[in-house]
Amino acid sequence: MKLITKLLLTALAVIILAKILPGVSLDSYTTAIIVAAVIAILNVFVKPLLIIFTLPITILTLGLFLLIINAIIILLADSLIDGFSVSSIWTAILFSLLLSFLQSILHSLLKEDKK
């Protein structure tokens, strides 16, 4: 149940960002749920491999290269899903930053309700 709630909150964040950011488009609410699921799967399987392969440059940039890795994950989701598109790498970086920010806000609101 907790996984489904997190997935739906991420889908809500994707919908909000698609309406706010000009370079991001989303076809439907169902596509937002699919985007949230694909991003979660990519974060579990692909992101650790990218981090390991790019460890020297990540250390050299003091961790800032992780922003590029997050943008690559977003662009991979863009290429895998038909109803979701991100216009550029810069939009993907901004999208990933704002998505992380919105997810932390929405998850903290959810934790406060349980107390």
# chains A, B, ... in the order shown; residues from 1 in each chain; ligands from 1

$ residues_around --residues "region 61-78 of chain A" --least-positions-apart "5" --cutoff "10 Å" --atoms "only C-alpha atoms" --output "ChimeraX atom specification"
/A:24-25,34-43,46-48,50-51,54-56,83-97,100

$ write_last_selection --atoms "C-alpha atoms" --output "short mmCIF file (atom, residue, chain, number, x, y, z; two decimals), in the first residue's frame"
data_model
loop_
_atom_site.label_atom_id
_atom_site.label_comp_id
_atom_site.auth_asym_id
_atom_site.auth_seq_id
_atom_site.Cartn_x
_atom_site.Cartn_y
_atom_site.Cartn_z
CA VAL A 24 7.56 18.96 -20.59
CA SER A 25 4.40 17.49 -22.07
CA ILE A 34 3.29 5.07 -16.09
CA VAL A 35 6.02 7.76 -15.99
CA ALA A 36 6.20 7.47 -12.21
CA ALA A 37 6.51 3.68 -12.43
CA VAL A 38 9.16 3.79 -15.18
CA ILE A 39 11.21 6.41 -13.31
CA ALA A 40 11.05 4.23 -10.17
CA ILE A 41 12.18 1.16 -12.11
CA LEU A 42 14.99 3.08 -13.82
CA ASN A 43 16.11 4.48 -10.45
CA VAL A 46 19.86 1.75 -14.20
CA LYS A 47 20.86 4.58 -11.86
CA PRO A 48 23.23 2.49 -9.68
CA LEU A 50 25.39 4.84 -14.10
CA ILE A 51 26.71 5.98 -10.73
CA THR A 54 30.71 7.61 -13.71
CA LEU A 55 32.19 7.52 -10.21
CA PRO A 56 35.47 9.29 -11.12
CA GLY A 83 2.86 10.20 -24.14
CA PHE A 84 5.67 11.86 -22.18
CA SER A 85 8.27 14.18 -23.66
CA VAL A 86 11.04 16.42 -22.36
CA SER A 87 12.50 18.93 -24.79
CA SER A 88 16.18 19.14 -23.71
CA ILE A 89 18.77 18.07 -21.19
CA TRP A 90 18.39 21.38 -19.34
CA THR A 91 14.67 20.86 -19.03
CA ALA A 92 15.35 17.32 -17.78
CA ILE A 93 17.75 18.67 -15.13
CA LEU A 94 15.18 21.22 -13.98
CA PHE A 95 12.45 18.57 -14.08
CA SER A 96 14.49 16.17 -11.94
CA LEU A 97 15.34 18.87 -9.40
CA SER A 100 12.75 15.62 -6.07
#

$ residues_around --residues "Leu9 (chain A)" --least-positions-apart "3" --cutoff "12 Å" --atoms "only C-alpha atoms" --output "VMD selection string"
chain A and resid 2 to 6 12 to 16 32 to 33 35 to 37 99 to 100 102 to 110

$ select_by_dssp --residues "chain A" --states "strand (DSSP E or B)" --output "list in words"
Val24, Ser25, Leu26, Phe84, Ser85 and Val86 of chain A

$ select_by_dssp --residues "region 15-81 of chain A" --states "alpha helix (DSSP H)" --output "ChimeraX atom specification"
/A:15-20,29-45,47-53,55-60,65-80

$ closest_residue --among "A:Leu60, A:Leu98, A:Leu7, A:Leu26" --to "Ile81 (chain A)" --atoms "only C-alpha atoms"
A:Leu26
